[in-house]
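Novice: Below is the file target13.cif, which contains mmCIF, N, CA and C atoms.
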data_coords
#
loop_
_atom_site.label_atom_id
_atom_site.label_comp_id
_atom_site.auth_asym_id
_atom_site.auth_seq_id
_atom_site.Cartn_x
_atom_site.Cartn_y
_atom_site.Cartn_z
N MET A 143 90.51 103.90 139.61
CA MET A 143 91.39 104.88 139.02
C MET A 143 92.16 104.27 137.86
N THR A 144 92.63 103.04 138.03
CA THR A 144 93.40 102.38 136.98
C THR A 144 92.53 102.11 135.76
N LYS A 145 91.25 101.72 135.97
CA LYS A 145 90.35 101.47 134.84
C LYS A 145 90.08 102.76 134.08
N LEU A 146 89.94 103.86 134.81
CA LEU A 146 89.71 105.15 134.16
C LEU A 146 90.92 105.54 133.32
N TYR A 147 92.10 105.34 133.86
CA TYR A 147 93.33 105.65 133.13
C TYR A 147 93.46 104.77 131.89
N ALA A 148 93.17 103.48 132.02
CA ALA A 148 93.25 102.55 130.89
C ALA A 148 92.24 102.92 129.82
N GLY A 149 91.03 103.30 130.23
CA GLY A 149 90.01 103.72 129.27
C GLY A 149 90.42 104.98 128.53
N PHE A 150 90.97 105.93 129.28
CA PHE A 150 91.43 107.18 128.66
C PHE A 150 92.56 106.90 127.69
N LEU A 151 93.48 106.04 128.05
CA LEU A 151 94.60 105.69 127.18
C LEU A 151 94.12 105.01 125.91
N ALA A 152 93.15 104.11 126.03
CA ALA A 152 92.60 103.42 124.85
C ALA A 152 91.92 104.42 123.92
N LEU A 153 91.17 105.36 124.49
CA LEU A 153 90.51 106.39 123.69
C LEU A 153 91.53 107.26 122.98
N LEU A 154 92.57 107.65 123.68
CA LEU A 154 93.63 108.47 123.10
C LEU A 154 94.32 107.76 121.95
N LEU A 155 94.60 106.47 122.11
CA LEU A 155 95.24 105.69 121.05
C LEU A 155 94.34 105.57 119.82
N CYS A 156 93.04 105.41 120.03
CA CYS A 156 92.10 105.35 118.91
C CYS A 156 92.07 106.67 118.16
N LEU A 157 92.06 107.76 118.89
CA LEU A 157 92.04 109.08 118.25
C LEU A 157 93.32 109.32 117.46
N LEU A 158 94.45 108.94 118.03
CA LEU A 158 95.72 109.11 117.31
C LEU A 158 95.76 108.26 116.05
N ALA A 159 95.24 107.05 116.13
CA ALA A 159 95.21 106.18 114.95
C ALA A 159 94.32 106.78 113.87
N ALA A 160 93.19 107.35 114.26
CA ALA A 160 92.29 107.98 113.28
C ALA A 160 92.93 109.19 112.65
N CYS A 161 93.64 109.98 113.43
CA CYS A 161 94.32 111.16 112.89
C CYS A 161 95.42 110.74 111.92
N GLY A 162 96.14 109.70 112.26
CA GLY A 162 97.20 109.22 111.38
C GLY A 162 96.63 108.74 110.06
N ASP A 163 95.50 108.05 110.10
CA ASP A 163 94.86 107.56 108.90
C ASP A 163 94.41 108.72 108.02
N GLY A 164 93.86 109.75 108.63
CA GLY A 164 93.42 110.92 107.87
C GLY A 164 94.57 111.62 107.19
N ARG A 165 95.68 111.72 107.88
CA ARG A 165 96.86 112.37 107.30
C ARG A 165 97.36 111.56 106.11
N GLN A 166 97.38 110.24 106.27
CA GLN A 166 97.83 109.37 105.18
C GLN A 166 96.88 109.49 103.98
N ARG A 167 95.59 109.51 104.22
CA ARG A 167 94.62 109.63 103.13
C ARG A 167 94.78 110.96 102.40
N ARG A 168 95.00 112.01 103.15
CA ARG A 168 95.19 113.32 102.50
C ARG A 168 96.46 113.34 101.66
N LEU A 169 97.51 112.72 102.14
CA LEU A 169 98.74 112.63 101.36
C LEU A 169 98.54 111.81 100.08
N GLN A 170 97.77 110.73 100.18
CA GLN A 170 97.48 109.91 99.00
C GLN A 170 96.68 110.71 97.97
N LEU A 171 95.69 111.48 98.45
CA LEU A 171 94.90 112.31 97.55
C LEU A 171 95.76 113.36 96.88
N GLU A 172 96.64 113.99 97.64
CA GLU A 172 97.54 114.99 97.07
C GLU A 172 98.47 114.37 96.03
N GLU A 173 98.94 113.16 96.27
CA GLU A 173 99.81 112.50 95.31
C GLU A 173 99.06 112.21 94.01
N LEU A 174 97.82 111.74 94.11
CA LEU A 174 97.04 111.50 92.90
C LEU A 174 96.76 112.81 92.17
N GLU A 175 96.55 113.88 92.90
CA GLU A 175 96.33 115.18 92.26
C GLU A 175 97.60 115.66 91.56
N ARG A 176 98.76 115.40 92.13
CA ARG A 176 100.02 115.75 91.46
C ARG A 176 100.18 114.96 90.17
N GLN A 177 99.84 113.69 90.21
CA GLN A 177 99.91 112.87 89.00
C GLN A 177 98.96 113.42 87.94
N ASN A 178 97.78 113.85 88.35
CA ASN A 178 96.80 114.40 87.42
C ASN A 178 97.33 115.69 86.79
N ARG A 179 97.91 116.56 87.61
CA ARG A 179 98.46 117.83 87.08
C ARG A 179 99.62 117.58 86.13
N ALA A 180 100.37 116.51 86.37
CA ALA A 180 101.50 116.17 85.50
C ALA A 180 101.03 115.44 84.24
N ASP A 181 99.73 115.25 84.11
CA ASP A 181 99.11 114.56 82.98
C ASP A 181 99.61 113.12 82.85
N SER A 182 99.87 112.49 84.00
CA SER A 182 100.25 111.08 84.03
C SER A 182 99.01 110.22 83.83
N LEU A 183 99.20 109.07 83.26
CA LEU A 183 98.09 108.13 83.10
C LEU A 183 97.72 107.59 84.47
N MET A 184 96.47 107.77 84.86
CA MET A 184 96.00 107.36 86.18
C MET A 184 95.18 106.09 86.04
N THR A 185 95.69 104.99 86.55
CA THR A 185 95.00 103.71 86.39
C THR A 185 94.71 103.01 87.70
N ASN A 186 95.08 103.61 88.84
CA ASN A 186 94.87 102.96 90.14
C ASN A 186 93.46 103.27 90.64
N ASP A 187 92.48 102.59 90.06
CA ASP A 187 91.10 102.87 90.44
C ASP A 187 90.76 102.35 91.83
N SER A 188 91.46 101.33 92.32
CA SER A 188 91.15 100.82 93.66
C SER A 188 91.53 101.85 94.73
N LEU A 189 92.66 102.52 94.56
CA LEU A 189 93.04 103.57 95.51
C LEU A 189 92.07 104.74 95.42
N ALA A 190 91.72 105.14 94.22
CA ALA A 190 90.80 106.27 94.04
C ALA A 190 89.44 105.95 94.67
N ARG A 191 88.94 104.72 94.46
CA ARG A 191 87.66 104.33 95.06
C ARG A 191 87.74 104.32 96.58
N ASP A 192 88.84 103.82 97.11
CA ASP A 192 89.04 103.77 98.55
C ASP A 192 89.05 105.19 99.13
N LEU A 193 89.71 106.11 98.44
CA LEU A 193 89.75 107.49 98.92
C LEU A 193 88.37 108.13 98.89
N VAL A 194 87.59 107.86 97.85
CA VAL A 194 86.22 108.39 97.78
C VAL A 194 85.40 107.89 98.96
N LEU A 195 85.48 106.59 99.24
CA LEU A 195 84.72 106.04 100.37
C LEU A 195 85.14 106.68 101.68
N TRP A 196 86.44 106.85 101.88
CA TRP A 196 86.92 107.41 103.14
C TRP A 196 86.51 108.88 103.28
N PHE A 197 86.74 109.67 102.22
CA PHE A 197 86.43 111.10 102.31
C PHE A 197 84.92 111.36 102.37
N ASP A 198 84.11 110.49 101.77
CA ASP A 198 82.67 110.65 101.88
C ASP A 198 82.21 110.52 103.34
N ARG A 199 82.94 109.78 104.14
CA ARG A 199 82.59 109.62 105.56
C ARG A 199 83.30 110.61 106.47
N HIS A 200 84.55 110.95 106.14
CA HIS A 200 85.37 111.71 107.08
C HIS A 200 85.88 113.05 106.55
N GLY A 201 85.67 113.32 105.28
CA GLY A 201 86.28 114.50 104.69
C GLY A 201 85.36 115.71 104.67
N THR A 202 85.96 116.84 104.36
CA THR A 202 85.20 118.06 104.16
C THR A 202 84.54 117.98 102.78
N PRO A 203 83.56 118.84 102.51
CA PRO A 203 82.96 118.84 101.17
C PRO A 203 84.00 119.05 100.06
N ASN A 204 84.99 119.88 100.31
CA ASN A 204 86.04 120.10 99.31
C ASN A 204 86.86 118.83 99.07
N GLU A 205 87.21 118.13 100.14
CA GLU A 205 87.96 116.89 100.00
C GLU A 205 87.13 115.83 99.27
N GLN A 206 85.85 115.79 99.57
CA GLN A 206 84.96 114.84 98.90
C GLN A 206 84.93 115.11 97.41
N MET A 207 84.80 116.39 97.03
CA MET A 207 84.77 116.76 95.63
C MET A 207 86.08 116.40 94.94
N ARG A 208 87.20 116.67 95.59
CA ARG A 208 88.51 116.37 95.01
C ARG A 208 88.67 114.87 94.79
N ALA A 209 88.25 114.06 95.76
CA ALA A 209 88.36 112.61 95.64
C ALA A 209 87.49 112.09 94.50
N HIS A 210 86.27 112.61 94.39
CA HIS A 210 85.38 112.19 93.31
C HIS A 210 85.94 112.61 91.95
N TYR A 211 86.54 113.78 91.88
CA TYR A 211 87.14 114.23 90.62
C TYR A 211 88.27 113.28 90.21
N ILE A 212 89.13 112.93 91.16
CA ILE A 212 90.24 112.03 90.86
C ILE A 212 89.72 110.67 90.41
N LEU A 213 88.66 110.18 91.03
CA LEU A 213 88.07 108.91 90.60
C LEU A 213 87.54 109.04 89.18
N GLY A 214 86.89 110.15 88.86
CA GLY A 214 86.40 110.37 87.50
C GLY A 214 87.53 110.41 86.49
N ARG A 215 88.63 111.08 86.85
CA ARG A 215 89.79 111.14 85.95
C ARG A 215 90.40 109.74 85.76
N THR A 216 90.39 108.94 86.81
CA THR A 216 90.91 107.59 86.71
C THR A 216 90.06 106.76 85.76
N HIS A 217 88.73 106.87 85.90
CA HIS A 217 87.85 106.15 84.99
C HIS A 217 88.05 106.62 83.55
N TYR A 218 88.25 107.91 83.37
CA TYR A 218 88.49 108.46 82.03
C TYR A 218 89.76 107.85 81.43
N ASP A 219 90.85 107.84 82.20
CA ASP A 219 92.11 107.31 81.69
C ASP A 219 92.02 105.82 81.40
N ARG A 220 91.16 105.12 82.10
CA ARG A 220 90.99 103.68 81.87
C ARG A 220 89.97 103.39 80.76
N GLY A 221 89.37 104.45 80.20
CA GLY A 221 88.36 104.27 79.14
C GLY A 221 87.06 103.70 79.66
N GLU A 222 86.71 104.02 80.90
CA GLU A 222 85.51 103.44 81.53
C GLU A 222 84.41 104.46 81.77
N LEU A 223 84.32 105.47 80.93
CA LEU A 223 83.24 106.45 81.12
C LEU A 223 81.92 105.82 80.75
N PRO A 224 80.88 106.10 81.54
CA PRO A 224 79.56 105.52 81.21
C PRO A 224 79.01 106.16 79.93
N GLN A 225 78.24 105.40 79.22
CA GLN A 225 77.59 105.90 78.00
C GLN A 225 76.38 106.73 78.39
N ALA A 226 76.20 107.85 77.73
CA ALA A 226 75.01 108.67 77.98
C ALA A 226 73.79 107.99 77.36
N PRO A 227 72.67 108.00 78.07
CA PRO A 227 71.48 107.35 77.51
C PRO A 227 70.98 108.11 76.28
N VAL A 228 70.55 107.37 75.30
CA VAL A 228 70.01 107.97 74.08
C VAL A 228 68.49 107.90 74.18
N SER A 229 67.85 109.07 74.02
CA SER A 229 66.38 109.06 74.12
C SER A 229 65.72 109.34 72.80
#
Would you write the structure of this file as structure tokens?
Specialist:
Amino acid sequence: MTKLYAGFLALLLCLLAACGDGRQRRLQLEELERQNRADSLMTNDSLARDLVLWFDRHGTPNEQMRAHYILGRTHYDRGELPQAPVS
């Protein structure tokens, strides 16, 4: 009985930690979107990349699109847009 309770408690703690991480990631994405709407210079590419990786695994299609858009805007503000191939 005690092992079952301990296992259930460990599972519950893992789920709560995952939910907390998701909430934090969503708040970070919303903050970057606010900066974008305010036309602030966006240069934190490490945060944007981290959000893309997380939302690609755990997010909805809409969240994935939003994260990728923010990463693209960050690359644009940093002057890192890829060159189009010339044929």
Novice: Work out how far atom CA of A:His217 is from atom CA of A:Asp187, in Å to one decimal.
Specialist: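 Between atom CA of A:Asp187 and atom CA of A:His217 the gap works out to 7.1 Å.
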Novice: Translate the PyMOL selection byres ((chain A and resi 178-183) around 8), as applied to the file shown, into an explicit residue set as number ranges by chain.
Specialist: A: 172-177, 184-186, 212, 215-216, 219-220
Novice: Please save N, CA and C atoms of the selected residues as a PDB file, keeping the file's coordinate frame.
Specialist:
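Contents of the output file selection-v4.pdb:
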ATOM      1  N   GLU A 172      96.640 113.990  97.640  1.00  0.00           N
ATOM      2  CA  GLU A 172      97.540 114.990  97.070  1.00  0.00           C
ATOM      3  C   GLU A 172      98.470 114.370  96.030  1.00  0.00           C
ATOM      4  N   GLU A 173      98.940 113.160  96.270  1.00  0.00           N
ATOM      5  CA  GLU A 173      99.810 112.500  95.310  1.00  0.00           C
ATOM      6  C   GLU A 173      99.060 112.210  94.010  1.00  0.00           C
ATOM      7  N   LEU A 174      97.820 111.740  94.110  1.00  0.00           N
ATOM      8  CA  LEU A 174      97.040 111.500  92.900  1.00  0.00           C
ATOM      9  C   LEU A 174      96.760 112.810  92.170  1.00  0.00           C
ATOM     10  N   GLU A 175      96.550 113.880  92.900  1.00  0.00           N
ATOM     11  CA  GLU A 175      96.330 115.180  92.260  1.00  0.00           C
ATOM     12  C   GLU A 175      97.600 115.660  91.560  1.00  0.00           C
ATOM     13  N   ARG A 176      98.760 115.400  92.130  1.00  0.00           N
ATOM     14  CA  ARG A 176     100.020 115.750  91.460  1.00  0.00           C
ATOM     15  C   ARG A 176     100.180 114.960  90.170  1.00  0.00           C
ATOM     16  N   GLN A 177      99.840 113.690  90.210  1.00  0.00           N
ATOM     17  CA  GLN A 177      99.910 112.870  89.000  1.00  0.00           C
ATOM     18  C   GLN A 177      98.960 113.420  87.940  1.00  0.00           C
ATOM     19  N   MET A 184      96.470 107.770  84.860  1.00  0.00           N
ATOM     20  CA  MET A 184      96.000 107.360  86.180  1.00  0.00           C
ATOM     21  C   MET A 184      95.180 106.090  86.040  1.00  0.00           C
ATOM     22  N   THR A 185      95.690 104.990  86.550  1.00  0.00           N
ATOM     23  CA  THR A 185      95.000 103.710  86.390  1.00  0.00           C
ATOM     24  C   THR A 185      94.710 103.010  87.700  1.00  0.00           C
ATOM     25  N   ASN A 186      95.080 103.610  88.840  1.00  0.00           N
ATOM     26  CA  ASN A 186      94.870 102.960  90.140  1.00  0.00           C
ATOM     27  C   ASN A 186      93.460 103.270  90.640  1.00  0.00           C
ATOM     28  N   ILE A 212      89.130 112.930  91.160  1.00  0.00           N
ATOM     29  CA  ILE A 212      90.240 112.030  90.860  1.00  0.00           C
ATOM     30  C   ILE A 212      89.720 110.670  90.410  1.00  0.00           C
ATOM     31  N   ARG A 215      88.630 111.080  86.850  1.00  0.00           N
ATOM     32  CA  ARG A 215      89.790 111.140  85.950  1.00  0.00           C
ATOM     33  C   ARG A 215      90.400 109.740  85.760  1.00  0.00           C
ATOM     34  N   THR A 216      90.390 108.940  86.810  1.00  0.00           N
ATOM     35  CA  THR A 216      90.910 107.590  86.710  1.00  0.00           C
ATOM     36  C   THR A 216      90.060 106.760  85.760  1.00  0.00           C
ATOM     37  N   ASP A 219      90.850 107.840  82.200  1.00  0.00           N
ATOM     38  CA  ASP A 219      92.110 107.310  81.690  1.00  0.00           C
ATOM     39  C   ASP A 219      92.020 105.820  81.400  1.00  0.00           C
ATOM     40  N   ARG A 220      91.160 105.120  82.100  1.00  0.00           N
ATOM     41  CA  ARG A 220      90.990 103.680  81.870  1.00  0.00           C
ATOM     42  C   ARG A 220      89.970 103.390  80.760  1.00  0.00           C
TER      43      ARG A 220
END
Novice: Between A:Pro203, A:Gly164, A:Gly214, A:Pro224, single out the one closest to A:Ala190, counting all atoms listed in the file.
Specialist: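 That would be A:Gly214, the residue with the smallest distance to A:Ala190.
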Novice: Would you mind telling me which residue in A:Asp163, A:Tyr218, A:Leu213, A:Ser188 lies nearest to A:His200 when using only C-alpha atoms?
Specialist: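 Among A:Asp163, A:Tyr218, A:Leu213, A:Ser188, it is A:Asp163 that comes nearest to A:His200.
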Novice: Work out how far apart atom CA of A:Met207 and atom CA of A:Glu222 are and give it in Å to one decimal.
Specialist: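 Answer for the atom CA of A:Met207 to atom CA of A:Glu222 separation: 19.4 Å.
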Novice: Rounded to one decimal in Å, what is the spacing between atom C of A:Arg167 and atom CA of A:Leu193?
Specialist: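 Computing the Euclidean distance for atom C of A:Arg167 and atom CA of A:Leu193 yields 7.0 Å.
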Novice: Please determine an axis-aligned box that encloses all atoms of stretch 188-197 of chain A listed in the file, with 3 Å added on each side, and express its centre and edge lengths in Å to one decimal as AutoDock Vina command-line options.
Specialist:
--center_x 88.9 --center_y 106.1 --center_z 97.8 --size_x 14.3 --size_y 16.5 --size_z 17.0
Novice: Name the residues of stretch 163-216 of chain A that fall into alpha helix (DSSP H) according to DSSP on the backbone, using the chain letters and numbers of this document, as a VMD selection string.
Specialist: chain A and resid 163 to 179 187 to 200 203 to 216
